[in-house]
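Novice: Handing you this structure, nothing more for now.
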Amino acid sequence: MSAEATGRVELYFLRHADAGDPLAWDGPDEDRPLSRKGERQAERVARFLHDVGGPDAVITSPKLRTFQTARIVATEIGMEVVISDRLGQGLDVASLAALLDEAGFPARPLLVGHDPDFSATVSELVGADILVRKSALVRVDADLPLAPGTAELRWLVPPDSLKAR
């Protein structure tokens with residue numbers, strides 16, 4: 001991690017929205033798209049983040065369902081989507097720190113990715129077992145450099161709690 005990695009960061013973790021039954025999908029898993037239900041879930045999260053003045057960066061896994069989720073949110077909050085392979089495979093606290101370094105240490109990054117990585121990483125950061133369901137939004141506040149068990153869980157917003165407009 002670079003010497004600039006000090007201060008505080010608000011980490012927003014958004015697990016991709018619903019993409020239907022993976023067993024019913026014939027193509028490669030990375031090409032599995034959002035379902036209509038997933039699009040609606042992502043739209044609700046996008047409006048919520050717009051209303052609370054959330055992230056200052058949107059970084060996503062390259063898999064289609066995560067990119068589609070990120071694009072819906074980014075469009076609503078007026079941001080560009082950045083793709084990181086680190087969010088598509090084996091995310092942990094060390095690779096999260098490297099991702100933040102590569103992104104220039106945004107103060108409030110929205111990370112759009114997958115489970116079990118998000119549940120494991122959030123759990124490791126806060127020192128408690130946290131389950132991140134599809135389309136759930138988690139905010140964790142942490143000091144940099146990141147260290148296991150030192151972050152504070154601020155939000156765990158299940159998709160059903162956000163009302164459709």
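So you can find residues: chains in the structure tokens are A, B, ... in the order shown, residues in each start at 1, and ligands are numbered from 1 in order.
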Report as a ChimeraX atom specification all protein, DNA and RNA residues lying within 6 Å of Ala17 in chain A, evaluated on only C-alpha atoms, omitting residues in the same chain fewer than 2 positions from it.

Specialist: /A:38,134-135

Novice: Next, write the just-selected residues to a file, as a short mmCIF file (atom, residue, chain, number, x, y, z; two decimals), in the first residue's frame, keeping N, CA and C atoms as the atom set.

Specialist:
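Result written to part.cif:
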```
data_model
loop_
_atom_site.label_atom_id
_atom_site.label_comp_id
_atom_site.auth_asym_id
_atom_site.auth_seq_id
_atom_site.Cartn_x
_atom_site.Cartn_y
_atom_site.Cartn_z
N GLY A 38 -34.00 -7.92 -10.87
CA GLY A 38 -32.70 -7.35 -10.53
C GLY A 38 -32.57 -5.91 -10.99
N LYS A 134 -28.14 -10.80 -2.17
CA LYS A 134 -28.21 -10.15 -3.48
C LYS A 134 -28.88 -8.80 -3.37
N SER A 135 -28.27 -7.82 -3.98
CA SER A 135 -28.74 -6.44 -4.04
C SER A 135 -28.74 -5.73 -2.69
#
```

Novice: Give me, as JSON, numbers by chain, the residues of chain A that a backbone DSSP run labels strand (DSSP E).

Specialist: {"A": [7, 8, 9, 10, 11, 12, 13, 14, 15, 57, 58, 59, 60, 81, 82, 83, 109, 110, 111, 112, 113, 137, 138, 139, 140, 141, 142, 143, 144, 152, 153, 154, 155, 156, 157]}

Novice: Can I get the selection written as an mmCIF file, in the first residue's frame, with N, CA and C atoms?

Specialist:
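Result saved to part.cif:
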```
data_model
loop_
_atom_site.group_PDB
_atom_site.id
_atom_site.type_symbol
_atom_site.label_atom_id
_atom_site.label_comp_id
_atom_site.auth_asym_id
_atom_site.auth_seq_id
_atom_site.Cartn_x
_atom_site.Cartn_y
_atom_site.Cartn_z
ATOM 1 N N GLY A 7 -6.016 7.984 6.729
ATOM 2 C CA GLY A 7 -7.285 8.693 6.772
ATOM 3 C C GLY A 7 -8.427 7.722 6.972
ATOM 4 N N ARG A 8 -9.599 8.158 6.599
ATOM 5 C CA ARG A 8 -10.823 7.372 6.811
ATOM 6 C C ARG A 8 -11.499 7.171 5.462
ATOM 7 N N VAL A 9 -12.134 6.032 5.286
ATOM 8 C CA VAL A 9 -12.841 5.709 4.049
ATOM 9 C C VAL A 9 -14.219 5.152 4.387
ATOM 10 N N GLU A 10 -15.217 5.552 3.601
ATOM 11 C CA GLU A 10 -16.558 4.967 3.662
ATOM 12 C C GLU A 10 -16.640 3.976 2.520
ATOM 13 N N LEU A 11 -16.680 2.715 2.833
ATOM 14 C CA LEU A 11 -16.756 1.663 1.819
ATOM 15 C C LEU A 11 -18.204 1.238 1.644
ATOM 16 N N TYR A 12 -18.703 1.338 0.424
ATOM 17 C CA TYR A 12 -20.045 0.880 0.094
ATOM 18 C C TYR A 12 -19.895 -0.416 -0.697
ATOM 19 N N PHE A 13 -20.452 -1.488 -0.173
ATOM 20 C CA PHE A 13 -20.447 -2.785 -0.842
ATOM 21 C C PHE A 13 -21.859 -3.043 -1.347
ATOM 22 N N LEU A 14 -22.001 -3.271 -2.638
ATOM 23 C CA LEU A 14 -23.294 -3.610 -3.230
ATOM 24 C C LEU A 14 -23.140 -4.935 -3.950
ATOM 25 N N ARG A 15 -23.796 -5.944 -3.404
ATOM 26 C CA ARG A 15 -23.803 -7.223 -4.114
ATOM 27 C C ARG A 15 -24.728 -7.081 -5.312
ATOM 28 N N ALA A 57 -17.111 7.200 -6.207
ATOM 29 C CA ALA A 57 -16.542 6.336 -7.251
ATOM 30 C C ALA A 57 -17.389 5.073 -7.316
ATOM 31 N N VAL A 58 -17.515 4.507 -8.506
ATOM 32 C CA VAL A 58 -18.246 3.252 -8.697
ATOM 33 C C VAL A 58 -17.290 2.278 -9.379
ATOM 34 N N ILE A 59 -16.974 1.196 -8.672
ATOM 35 C CA ILE A 59 -16.021 0.197 -9.167
ATOM 36 C C ILE A 59 -16.718 -1.152 -9.149
ATOM 37 N N THR A 60 -16.646 -1.868 -10.271
ATOM 38 C CA THR A 60 -17.396 -3.107 -10.396
ATOM 39 C C THR A 60 -16.554 -4.264 -10.907
ATOM 40 N N VAL A 81 -18.486 4.255 -14.484
ATOM 41 C CA VAL A 81 -18.212 2.937 -13.907
ATOM 42 C C VAL A 81 -16.781 2.542 -14.261
ATOM 43 N N VAL A 82 -16.038 2.104 -13.256
ATOM 44 C CA VAL A 82 -14.688 1.582 -13.445
ATOM 45 C C VAL A 82 -14.744 0.080 -13.194
ATOM 46 N N ILE A 83 -14.127 -0.700 -14.074
ATOM 47 C CA ILE A 83 -14.116 -2.158 -13.935
ATOM 48 C C ILE A 83 -12.795 -2.588 -13.303
ATOM 49 N N PRO A 109 -15.919 4.939 -2.040
ATOM 50 C CA PRO A 109 -16.125 4.081 -3.210
ATOM 51 C C PRO A 109 -17.297 3.110 -3.040
ATOM 52 N N LEU A 110 -18.051 2.953 -4.120
ATOM 53 C CA LEU A 110 -19.073 1.907 -4.193
ATOM 54 C C LEU A 110 -18.448 0.745 -4.941
ATOM 55 N N LEU A 111 -18.398 -0.405 -4.292
ATOM 56 C CA LEU A 111 -17.838 -1.615 -4.862
ATOM 57 C C LEU A 111 -18.989 -2.551 -5.191
ATOM 58 N N VAL A 112 -19.086 -2.967 -6.436
ATOM 59 C CA VAL A 112 -20.177 -3.845 -6.862
ATOM 60 C C VAL A 112 -19.560 -5.195 -7.202
ATOM 61 N N GLY A 113 -19.999 -6.231 -6.466
ATOM 62 C CA GLY A 113 -19.369 -7.527 -6.654
ATOM 63 C C GLY A 113 -20.237 -8.689 -6.235
ATOM 64 N N LEU A 137 -27.035 -3.523 0.227
ATOM 65 C CA LEU A 137 -26.055 -2.447 0.282
ATOM 66 C C LEU A 137 -25.499 -2.378 1.698
ATOM 67 N N VAL A 138 -24.172 -2.387 1.801
ATOM 68 C CA VAL A 138 -23.505 -2.335 3.091
ATOM 69 C C VAL A 138 -22.562 -1.131 3.079
ATOM 70 N N ARG A 139 -22.592 -0.372 4.168
ATOM 71 C CA ARG A 139 -21.594 0.693 4.332
ATOM 72 C C ARG A 139 -20.750 0.366 5.546
ATOM 73 N N VAL A 140 -19.453 0.394 5.326
ATOM 74 C CA VAL A 140 -18.470 0.135 6.368
ATOM 75 C C VAL A 140 -17.526 1.332 6.398
ATOM 76 N N ASP A 141 -17.323 1.909 7.569
ATOM 77 C CA ASP A 141 -16.357 2.998 7.733
ATOM 78 C C ASP A 141 -15.083 2.413 8.326
ATOM 79 N N ALA A 142 -13.948 2.776 7.729
ATOM 80 C CA ALA A 142 -12.682 2.191 8.161
ATOM 81 C C ALA A 142 -11.561 3.211 8.088
ATOM 82 N N ASP A 143 -10.586 3.016 8.947
ATOM 83 C CA ASP A 143 -9.354 3.783 8.865
ATOM 84 C C ASP A 143 -8.429 3.103 7.875
ATOM 85 N N LEU A 144 -7.643 3.914 7.191
ATOM 86 C CA LEU A 144 -6.602 3.395 6.314
ATOM 87 C C LEU A 144 -5.279 3.499 7.042
ATOM 88 N N GLU A 152 -16.099 -0.193 11.143
ATOM 89 C CA GLU A 152 -17.401 -0.021 11.789
ATOM 90 C C GLU A 152 -18.513 -0.249 10.757
ATOM 91 N N LEU A 153 -19.402 -1.183 11.046
ATOM 92 C CA LEU A 153 -20.557 -1.415 10.192
ATOM 93 C C LEU A 153 -21.544 -0.278 10.422
ATOM 94 N N ARG A 154 -21.853 0.490 9.375
ATOM 95 C CA ARG A 154 -22.771 1.623 9.498
ATOM 96 C C ARG A 154 -24.157 1.285 8.970
ATOM 97 N N TRP A 155 -24.223 0.567 7.832
ATOM 98 C CA TRP A 155 -25.504 0.212 7.239
ATOM 99 C C TRP A 155 -25.442 -1.211 6.721
ATOM 100 N N LEU A 156 -26.573 -1.867 6.782
ATOM 101 C CA LEU A 156 -26.818 -3.109 6.051
ATOM 102 C C LEU A 156 -28.252 -2.975 5.568
ATOM 103 N N VAL A 157 -28.399 -2.583 4.309
ATOM 104 C CA VAL A 157 -29.705 -2.266 3.750
ATOM 105 C C VAL A 157 -30.142 -3.401 2.827
#
```

Novice: Could you list, as a list in words, every residue within 12 Å of range 90-92 of chain A, counting only C-alpha atoms and ignoring same-chain residues fewer than 4 positions away?

Specialist: Phe13, Thr60, Ser61, Ser84, Asp85, Arg86, Leu96, Ala97, Ala98, Leu99, Leu111, Val112, Gly113, His114, Asp115, Pro116, Asp117, Phe118, Ser119, Ala120, Thr121, Val122, Ser123, Glu124, Leu125, Leu146, Ala147 and Pro148 of chain A

Novice: Report, in Å with one decimal, the straight-line distance from CA of Gly127 in chain A to CA of Lys63 in chain A.

Specialist: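 Those two atoms sit 28.3 Å apart.
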
Novice: In Å, how far is it from CA of Lys37 in chain A to CA of Gln68 in chain A?

Specialist: 12.7 Å

Novice: I'd like the interatomic distance between CA of Phe67 in chain A and CA of Ala128 in chain A, to a tenth of an Å.

Specialist: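 We find that CA of Phe67 in chain A and CA of Ala128 in chain A lie 28.3 Å from each other.
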
Novice: Excluding same-chain residues fewer than 6 positions from Pro33 in chain A, what lies within 6 Å of it counting only C-alpha atoms, as a PDB file with N, CA and C atoms, in the first residue's frame?

Specialist:
```pdb
ATOM      1  N   ALA A  19     -30.079 -12.039 -10.729  1.00  0.00           N
ATOM      2  CA  ALA A  19     -29.758 -12.430 -12.101  1.00  0.00           C
ATOM      3  C   ALA A  19     -30.420 -13.760 -12.454  1.00  0.00           C
ATOM      4  N   LEU A  64     -21.108  -9.494 -16.179  1.00  0.00           N
ATOM      5  CA  LEU A  64     -22.206  -8.706 -16.732  1.00  0.00           C
ATOM      6  C   LEU A  64     -23.214  -8.264 -15.680  1.00  0.00           C
ATOM      7  N   ARG A  65     -23.648  -9.160 -14.796  1.00  0.00           N
ATOM      8  CA  ARG A  65     -24.682  -8.799 -13.829  1.00  0.00           C
ATOM      9  C   ARG A  65     -24.208  -7.710 -12.867  1.00  0.00           C
TER      10      ARG A  65
END
```

Novice: For each of A:Val73, A:Ala42, A:Ala94, A:Val126, take the minimum atom-to-atom distance to Pro158 in chain A, counting only C-alpha atoms, then give the residue where this is smallest.

Specialist: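 Ranked by minimum distance to Pro158 in chain A, first place goes to A:Ala42.
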
Novice: Show which residues sit within 10 Å of Ala46 in chain A, as a PyMOL selection string. Count only C-alpha atoms, and ignore same-chain residues fewer than 5 positions away.

Specialist: chain A and resi 40-41+51+54+69-77

Novice: Could the residues in this selection be written to a file with N, CA and C atoms, as a CSV table (one decimal), in the first residue's frame?

Specialist:
```csv
chain,number,residue,atom,x,y,z
A,40,ARG,N,-35.0,-3.8,-11.2
A,40,ARG,CA,-35.8,-3.0,-10.3
A,40,ARG,C,-35.1,-2.8,-8.9
A,41,GLN,N,-34.4,-3.9,-8.5
A,41,GLN,CA,-33.6,-3.8,-7.2
A,41,GLN,C,-32.5,-2.7,-7.4
A,51,ASP,N,-30.2,9.8,-3.0
A,51,ASP,CA,-30.9,10.6,-2.0
A,51,ASP,C,-30.0,10.9,-0.8
A,54,GLY,N,-24.3,9.5,-1.6
A,54,GLY,CA,-23.4,8.4,-1.3
A,54,GLY,C,-22.0,8.5,-2.0
A,69,THR,N,-25.6,-3.8,-12.8
A,69,THR,CA,-26.0,-3.2,-11.5
A,69,THR,C,-25.3,-1.9,-11.3
A,70,ALA,N,-24.0,-1.9,-11.5
A,70,ALA,CA,-23.2,-0.7,-11.3
A,70,ALA,C,-23.6,0.4,-12.3
A,71,ARG,N,-23.9,0.1,-13.5
A,71,ARG,CA,-24.3,1.1,-14.5
A,71,ARG,C,-25.6,1.8,-14.1
A,72,ILE,N,-26.6,1.0,-13.6
A,72,ILE,CA,-27.8,1.6,-13.2
A,72,ILE,C,-27.6,2.6,-12.1
A,73,VAL,N,-26.8,2.2,-11.1
A,73,VAL,CA,-26.5,3.1,-10.0
A,73,VAL,C,-25.7,4.3,-10.4
A,74,ALA,N,-24.7,4.1,-11.2
A,74,ALA,CA,-23.8,5.2,-11.7
A,74,ALA,C,-24.6,6.2,-12.5
A,75,THR,N,-25.5,5.7,-13.3
A,75,THR,CA,-26.3,6.7,-14.1
A,75,THR,C,-27.1,7.6,-13.2
A,76,GLU,N,-27.7,7.0,-12.2
A,76,GLU,CA,-28.6,7.8,-11.3
A,76,GLU,C,-27.8,8.8,-10.5
A,77,ILE,N,-26.5,8.5,-10.1
A,77,ILE,CA,-25.7,9.4,-9.3
A,77,ILE,C,-24.7,10.2,-10.1
```
